[in-house]
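Read through the structure below, which is laid out as structure tokens, and then see the notes.
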Amino acid sequence: MKLQNTVSGAVLLSAASASLYNESSLNHTCVLSPLVLSCSAGAVPSKIDSCCAETYGGLVLSTQYWDTYTGLESEGQVLPRNSWTLHGLWPDFCNGSFTQYCDLSRQYDPSPSPNTTNSLPNGAAVPPYKGPNIGTFLKPFGKYDLLAYMNKYWISQGNPNYDFWGHEFSKHATCYSTFDVPCYGPEYRQHEDVVDFFETAILYYKRLPTWDWLSSAGIRPSNYTIYSISELRTTLTHHYGAVPYIGCSGPRYNSTAAGNGTLDKGYTVLSEVWYYSHIYGKPQYGHSVPVNASGSNTNCATSARAIHYYERTHGSEK
């Protein structure tokens, strides 16, 4: 769930349409287009086909979770052993702000969060989705292997996985220019964009092995060892090639016994990593260039030995 750097209501409301740039539904033969880098001077609709280069949300974030339980273990929904899980693939504006729920005709989120397009009472309402769960959209395409992978690595906490997938697609995928329905041309099949987004999100996730990178530096889940944000950041930056955002939850450090009397208000339980990049051409190509996290690169405590990277709860992983 992303809560920082929202843009103004005017921008959000203008985005709530079926096509961000009124692309035609004719074929978009992107191999004929130059391979433009998002957030560059050439990545604007007046210069490039918005179906062939990301001209709307050009700062792309591949995001991951470290959860220790799902809350649905009794139903078989567990976490993958020795792996972080996929959160999403988000399209921020180049200045680090973002929009959400950009096309309400593709709203598949049963519990929209927020429930308006601008997070404010004056925003357009995002109605709860009440149709078949988004996981069923993959079956007409025969994507049973994709569905199995998502149920292993794209895991929700407290809700069925498919509700989480519906949230991620509706809130974020609809805000890319390159996943607009007209971009799929005159032979578009219903929900082709959904399958395409899921495959693309996984493409980025699979090449960002957060568990392996941390483990290679001796940073492993422990209910006893406590880490410093500096060693987490140094390790992930070394492997990724740019500074990611590292997110924490749990108590603030100055509310703990160890941090009592300090001014460090950062959180103390490691929970997320966001990897930022610019993209050559469509995100679907996977041609990404790592860039440093925009704005603050952590909400975690910055004091030495203040971060817990907890082990998974017994019975919560497989």
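Residues are named by chain letter and number: chains run A, B, ... in the order of the structure tokens, numbers start at 1 in each chain, and ligands are numbered from 1 in the order shown.
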Task: Within 7 Å of Asp264 of chain A using only C-alpha atoms, minus same-chain residues under 6 positions, as a PyMOL selection string - done: chain A and resi 253-254+301-303
Write out the residues from the selection above, keeping C-alpha atoms, as a tab-separated table (two decimals), in the first residue's frame.
```
chain	number	residue	atom	x	y	z
A	253	TYR	CA	12.76	3.28	17.78
A	254	ASN	CA	12.35	6.06	20.38
A	301	ALA	CA	15.27	3.82	12.30
A	302	THR	CA	18.75	5.09	11.44
A	303	SER	CA	20.38	4.27	14.78
```
- [ ] Would you list the contacts of segment 65-69 of chain A as number ranges by chain, taking every protein, DNA or RNA residue within 10 Å and counting only C-alpha atoms, but skipping same-chain residues closer than 5 positions in sequence?
- [x] A: 77-79, 83-88, 154-158, 210-211, 221, 247-248, 269-274, 309-317
TODO: Enumerate the residues of segment 71-206 of chain A with a DSSP assignment of helix (DSSP H, G or I), computed from the backbone, and present them as a VMD selection string.
DONE: chain A and resid 73 to 75 104 to 106 134 to 141 144 to 153 161 to 171 173 to 175 181 to 184 192 to 206
Output as a PDB file with N, CA, C and O atoms, in the first residue's frame all residues of segment 33-240 of chain A that backbone DSSP marks as strand (DSSP E).
```
ATOM      1  N   LEU A  59       8.605   6.591 -13.902  1.00  0.00           N
ATOM      2  CA  LEU A  59       9.471   6.160 -12.806  1.00  0.00           C
ATOM      3  C   LEU A  59       8.844   4.887 -12.240  1.00  0.00           C
ATOM      4  O   LEU A  59       7.864   4.940 -11.503  1.00  0.00           O
ATOM      5  N   VAL A  60       9.397   3.751 -12.610  1.00  0.00           N
ATOM      6  CA  VAL A  60       8.757   2.466 -12.317  1.00  0.00           C
ATOM      7  C   VAL A  60       9.370   1.846 -11.062  1.00  0.00           C
ATOM      8  O   VAL A  60      10.590   1.788 -10.918  1.00  0.00           O
ATOM      9  N   LEU A  61       8.513   1.394 -10.160  1.00  0.00           N
ATOM     10  CA  LEU A  61       8.946   0.804  -8.895  1.00  0.00           C
ATOM     11  C   LEU A  61       8.529  -0.659  -8.848  1.00  0.00           C
ATOM     12  O   LEU A  61       7.343  -0.981  -8.958  1.00  0.00           O
ATOM     13  N   SER A  62       9.517  -1.539  -8.713  1.00  0.00           N
ATOM     14  CA  SER A  62       9.242  -2.947  -8.456  1.00  0.00           C
ATOM     15  C   SER A  62       9.352  -3.139  -6.951  1.00  0.00           C
ATOM     16  O   SER A  62      10.418  -2.938  -6.361  1.00  0.00           O
ATOM     17  N   THR A  63       8.249  -3.529  -6.318  1.00  0.00           N
ATOM     18  CA  THR A  63       8.170  -3.508  -4.854  1.00  0.00           C
ATOM     19  C   THR A  63       7.951  -4.906  -4.284  1.00  0.00           C
ATOM     20  O   THR A  63       7.257  -5.735  -4.878  1.00  0.00           O
ATOM     21  N   GLN A  64       8.569  -5.150  -3.115  1.00  0.00           N
ATOM     22  CA  GLN A  64       8.514  -6.463  -2.476  1.00  0.00           C
ATOM     23  C   GLN A  64       8.197  -6.331  -0.987  1.00  0.00           C
ATOM     24  O   GLN A  64       8.507  -5.317  -0.366  1.00  0.00           O
ATOM     25  N   TYR A  65       7.607  -7.405  -0.459  1.00  0.00           N
ATOM     26  CA  TYR A  65       7.255  -7.493   0.961  1.00  0.00           C
ATOM     27  C   TYR A  65       8.113  -8.525   1.682  1.00  0.00           C
ATOM     28  O   TYR A  65       8.478  -9.566   1.102  1.00  0.00           O
ATOM     29  N   THR A  85       8.349 -11.639  -1.101  1.00  0.00           N
ATOM     30  CA  THR A  85       7.204 -11.785  -1.990  1.00  0.00           C
ATOM     31  C   THR A  85       6.970 -10.516  -2.795  1.00  0.00           C
ATOM     32  O   THR A  85       7.392  -9.423  -2.422  1.00  0.00           O
ATOM     33  N   LEU A  86       6.296 -10.690  -3.908  1.00  0.00           N
ATOM     34  CA  LEU A  86       5.990  -9.576  -4.807  1.00  0.00           C
ATOM     35  C   LEU A  86       4.894  -8.703  -4.214  1.00  0.00           C
ATOM     36  O   LEU A  86       3.877  -9.206  -3.740  1.00  0.00           O
ATOM     37  N   HIS A  87       5.114  -7.402  -4.220  1.00  0.00           N
ATOM     38  CA  HIS A  87       4.075  -6.456  -3.856  1.00  0.00           C
ATOM     39  C   HIS A  87       3.422  -5.906  -5.122  1.00  0.00           C
ATOM     40  O   HIS A  87       2.235  -6.055  -5.329  1.00  0.00           O
ATOM     41  N   GLY A  88       4.225  -5.270  -5.992  1.00  0.00           N
ATOM     42  CA  GLY A  88       3.629  -4.752  -7.209  1.00  0.00           C
ATOM     43  C   GLY A  88       4.646  -4.120  -8.134  1.00  0.00           C
ATOM     44  O   GLY A  88       5.857  -4.195  -7.919  1.00  0.00           O
ATOM     45  N   LEU A  89       4.133  -3.507  -9.194  1.00  0.00           N
ATOM     46  CA  LEU A  89       4.933  -2.764 -10.162  1.00  0.00           C
ATOM     47  C   LEU A  89       4.212  -1.445 -10.394  1.00  0.00           C
ATOM     48  O   LEU A  89       3.190  -1.399 -11.067  1.00  0.00           O
ATOM     49  N   TRP A  90       4.755  -0.370  -9.834  1.00  0.00           N
ATOM     50  CA  TRP A  90       4.047   0.904  -9.752  1.00  0.00           C
ATOM     51  C   TRP A  90       4.606   1.940 -10.723  1.00  0.00           C
ATOM     52  O   TRP A  90       5.823   2.060 -10.860  1.00  0.00           O
ATOM     53  N   PRO A  91       3.729   2.735 -11.340  1.00  0.00           N
ATOM     54  CA  PRO A  91       4.174   3.789 -12.244  1.00  0.00           C
ATOM     55  C   PRO A  91       4.094   5.170 -11.601  1.00  0.00           C
ATOM     56  O   PRO A  91       3.053   5.829 -11.621  1.00  0.00           O
ATOM     57  N   ASP A  92       5.165   5.625 -11.012  1.00  0.00           N
ATOM     58  CA  ASP A  92       5.198   6.987 -10.472  1.00  0.00           C
ATOM     59  C   ASP A  92       5.453   7.985 -11.594  1.00  0.00           C
ATOM     60  O   ASP A  92       6.041   7.655 -12.634  1.00  0.00           O
ATOM     61  N   ILE A 226      19.973  -8.146  15.484  1.00  0.00           N
ATOM     62  CA  ILE A 226      19.401  -6.846  15.108  1.00  0.00           C
ATOM     63  C   ILE A 226      20.377  -6.166  14.145  1.00  0.00           C
ATOM     64  O   ILE A 226      21.601  -6.177  14.368  1.00  0.00           O
ATOM     65  N   TYR A 227      19.841  -5.589  13.064  1.00  0.00           N
ATOM     66  CA  TYR A 227      20.666  -5.021  12.006  1.00  0.00           C
ATOM     67  C   TYR A 227      20.580  -3.492  11.986  1.00  0.00           C
ATOM     68  O   TYR A 227      19.696  -2.891  12.595  1.00  0.00           O
TER      69      TYR A 227
END
```
TODO: Show which residues sit within 10 Å of Cys30 of chain A, as a list in words. Count only C-alpha atoms, and ignore same-chain residues fewer than 3 positions away.
DONE: Asn27, Ser33, Pro34, Leu35, Asp49, Ser50, Cys51, Cys52, Ala53, Cys183, Gly281 and Lys282 of chain A
- [ ] Between A:Tyr153, A:Phe197, A:Tyr176, A:Tyr108, single out the one closest to Gly58 of chain A, counting only C-alpha atoms.
- [x]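 For Gly58 of chain A, the nearest of the given residues is A:Tyr176.
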Selection: 12 Å around Ile48 of chain A, only C-alpha atoms, excl. self and same-chain fewer than 6 positions, as a short mmCIF file (atom, residue, chain, number, x, y, z; two decimals) with N, CA and C atoms, in the first residue's frame:
```cif
data_model
loop_
_atom_site.label_atom_id
_atom_site.label_comp_id
_atom_site.auth_asym_id
_atom_site.auth_seq_id
_atom_site.Cartn_x
_atom_site.Cartn_y
_atom_site.Cartn_z
N TYR A 21 -4.19 8.77 -23.03
CA TYR A 21 -3.79 9.70 -24.08
C TYR A 21 -4.62 9.56 -25.35
N GLU A 23 -5.22 7.07 -27.25
CA GLU A 23 -4.59 6.32 -28.32
C GLU A 23 -5.64 5.67 -29.21
N HIS A 28 -0.33 -0.96 -32.94
CA HIS A 28 0.81 -0.17 -32.48
C HIS A 28 2.04 -1.07 -32.63
N CYS A 30 5.35 -1.50 -32.17
CA CYS A 30 6.34 -0.77 -31.38
C CYS A 30 7.78 -1.03 -31.82
N LEU A 32 8.79 -0.50 -34.58
CA LEU A 32 9.08 0.58 -35.52
C LEU A 32 9.34 1.90 -34.80
N SER A 33 9.14 1.93 -33.49
CA SER A 33 9.34 3.14 -32.71
C SER A 33 10.74 3.15 -32.10
N PRO A 34 11.34 4.33 -31.93
CA PRO A 34 12.64 4.40 -31.27
C PRO A 34 12.52 3.94 -29.82
N LEU A 35 13.61 3.40 -29.28
CA LEU A 35 13.61 2.90 -27.91
C LEU A 35 13.92 4.08 -26.97
N VAL A 36 12.87 4.79 -26.58
CA VAL A 36 13.01 6.00 -25.78
C VAL A 36 13.02 5.66 -24.30
N LEU A 37 13.88 6.33 -23.55
CA LEU A 37 13.96 6.14 -22.10
C LEU A 37 12.89 6.96 -21.40
N SER A 38 12.14 6.33 -20.52
CA SER A 38 11.12 7.05 -19.77
C SER A 38 11.75 8.17 -18.95
N SER A 40 12.77 10.88 -20.01
CA SER A 40 13.68 11.68 -20.82
C SER A 40 12.87 12.69 -21.63
N ALA A 41 13.57 13.59 -22.30
CA ALA A 41 12.88 14.64 -23.06
C ALA A 41 12.03 14.07 -24.19
N GLY A 42 12.39 12.89 -24.69
CA GLY A 42 11.63 12.30 -25.78
C GLY A 42 10.43 11.49 -25.37
N GLU A 54 6.75 4.44 -22.07
CA GLU A 54 5.97 4.90 -20.92
C GLU A 54 6.07 6.40 -20.79
N THR A 55 4.99 7.07 -21.17
CA THR A 55 4.96 8.53 -21.15
C THR A 55 4.17 9.08 -19.97
N TYR A 56 3.56 8.21 -19.21
CA TYR A 56 2.70 8.68 -18.10
C TYR A 56 3.38 8.42 -16.76
N SER A 177 0.61 4.28 -19.40
CA SER A 177 0.15 4.48 -20.77
C SER A 177 0.28 3.19 -21.57
N THR A 178 1.30 2.39 -21.28
CA THR A 178 1.60 1.22 -22.09
C THR A 178 0.70 0.02 -21.82
N GLY A 281 11.61 1.99 -23.78
CA GLY A 281 10.45 1.41 -24.46
C GLY A 281 9.36 1.04 -23.47
N LYS A 282 8.63 -0.01 -23.77
CA LYS A 282 7.55 -0.46 -22.89
C LYS A 282 8.12 -1.20 -21.68
#
```
